[in-house]
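Participant: If you scroll down you'll find the structure; I have some questions about it.
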Amino acid sequence: MRIETINKLCCPFDKHDLELTIVTRDVEGNVLEGYLHCPECKRIYPIVKGIPIMNPDEFREFQLEQPLLDRWAKQLGNMKVENFRLVEAVDIADRRASADDATE
Ligand SMILES: [Zn+2]
């Protein structure tokens, strides 16, 4: 899909502008693979073979998207996806440490 077209898309839930991360492009510069992220509701919409997947949550299957997310680990950095939302990944050790702080 052309970048100009992708840039016109907004979040179907809150109409917020989406942030585009490109993973691969074709020779014409069209986006083949990547994802759109809504800063408002945190949802992540994968772009697969040039098609953005923007279904409502109940029509999405996490198992189908998981292999993509695994492949995009580099782009996602310290973020992870929970319930189709992009959230900051906090490892279990950190979480336990902050839980200890809270009880003091
Ligand atoms: Zn949104």
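Letters A, B, ... go to the chains of the structure tokens in the order shown; residues in each chain start at 1; ligands are counted from 1 in the same order.
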Show me which residues line ligand 1, defined as having an atom within 9 Å of a ligand atom where only C-alpha atoms and all ligand atoms count, and present them as a list in words.
Facilitator: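 I would give the residues around ligand 1 as Cys10, Cys11, Pro12, Phe13, Asp14, Lys15, His16, Asp17, Leu18, His37, Cys38, Pro39, Glu40, Cys41, Lys42, Arg43 and Ile44 of chain A.
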Participant: Just the strand (DSSP E) stuff from chain A, please, per backbone DSSP, written as a PyMOL selection string.
Facilitator: chain A and resi 19-25+31-37+44-48+51-52+79-82+85-88
Participant: Which of chain A end up as helix (DSSP H, G or I) when DSSP is run on this backbone - answer as an NGL selection string?
Facilitator: :A and (3-8 or 57-59 or 62-71 or 73-76 or 92-103)
Participant: Using only C-alpha atoms, determine which residues lie at most 9 Å from Asn83 in chain A, disregarding the query and same-chain residues fewer than 3 positions distant; provide the list as a PyMOL selection string.
Facilitator: chain A and resi 43+57+62+86
Participant: Give me a file of those residues, with C-alpha atoms, as a PDB file, in the first residue's frame.
Facilitator:
ATOM      1  CA  ARG A  43      -3.965  -0.417  19.518  1.00  0.00           C
ATOM      2  CA  ASP A  57     -10.742  -6.707  18.465  1.00  0.00           C
ATOM      3  CA  PHE A  62      -3.833 -13.099  18.379  1.00  0.00           C
ATOM      4  CA  LEU A  86       1.162  -1.798  22.346  1.00  0.00           C
TER       5      LEU A  86
END
Participant: Please indicate the distance in Å from CA of Tyr45 in chain A to CA of Thr5 in chain A, rounded to one decimal place.
Facilitator: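 It comes out at 14.9 Å.
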Participant: Could you tell me how far CA of Glu33 in chain A sits from CA of Val48 in chain A, in Å to one decimal place?
Facilitator: 5.1 Å
Participant: Using only C-alpha atoms, find each residue of range 47-73 of chain A with at least one atom at most 12 Å away from an atom of range 24-30 of chain A; report its shortest atom-to-atom pair and that distance in Å (one decimal), sort the rows by chain and rising residue number, and return the result as a tab-separated table.
Facilitator:
residue	atom	partner	partner_atom	distance
A:Ile47	CA	A:Thr24	CA	10.0
A:Val48	CA	A:Thr24	CA	10.0
A:Lys49	CA	A:Thr24	CA	9.5
A:Gly50	CA	A:Asn30	CA	7.6
A:Ile51	CA	A:Asn30	CA	10.8
A:Arg71	CA	A:Thr24	CA	11.7
A:Trp72	CA	A:Thr24	CA	10.6
Participant: Determine, counting only C-alpha atoms, which protein, DNA and RNA residues have an atom within 8 Å of an atom of Met79 in chain A; residues of the same chain fewer than 6 positions away are not included. Present the result as a ChimeraX atom specification.
Facilitator: /A:86-89
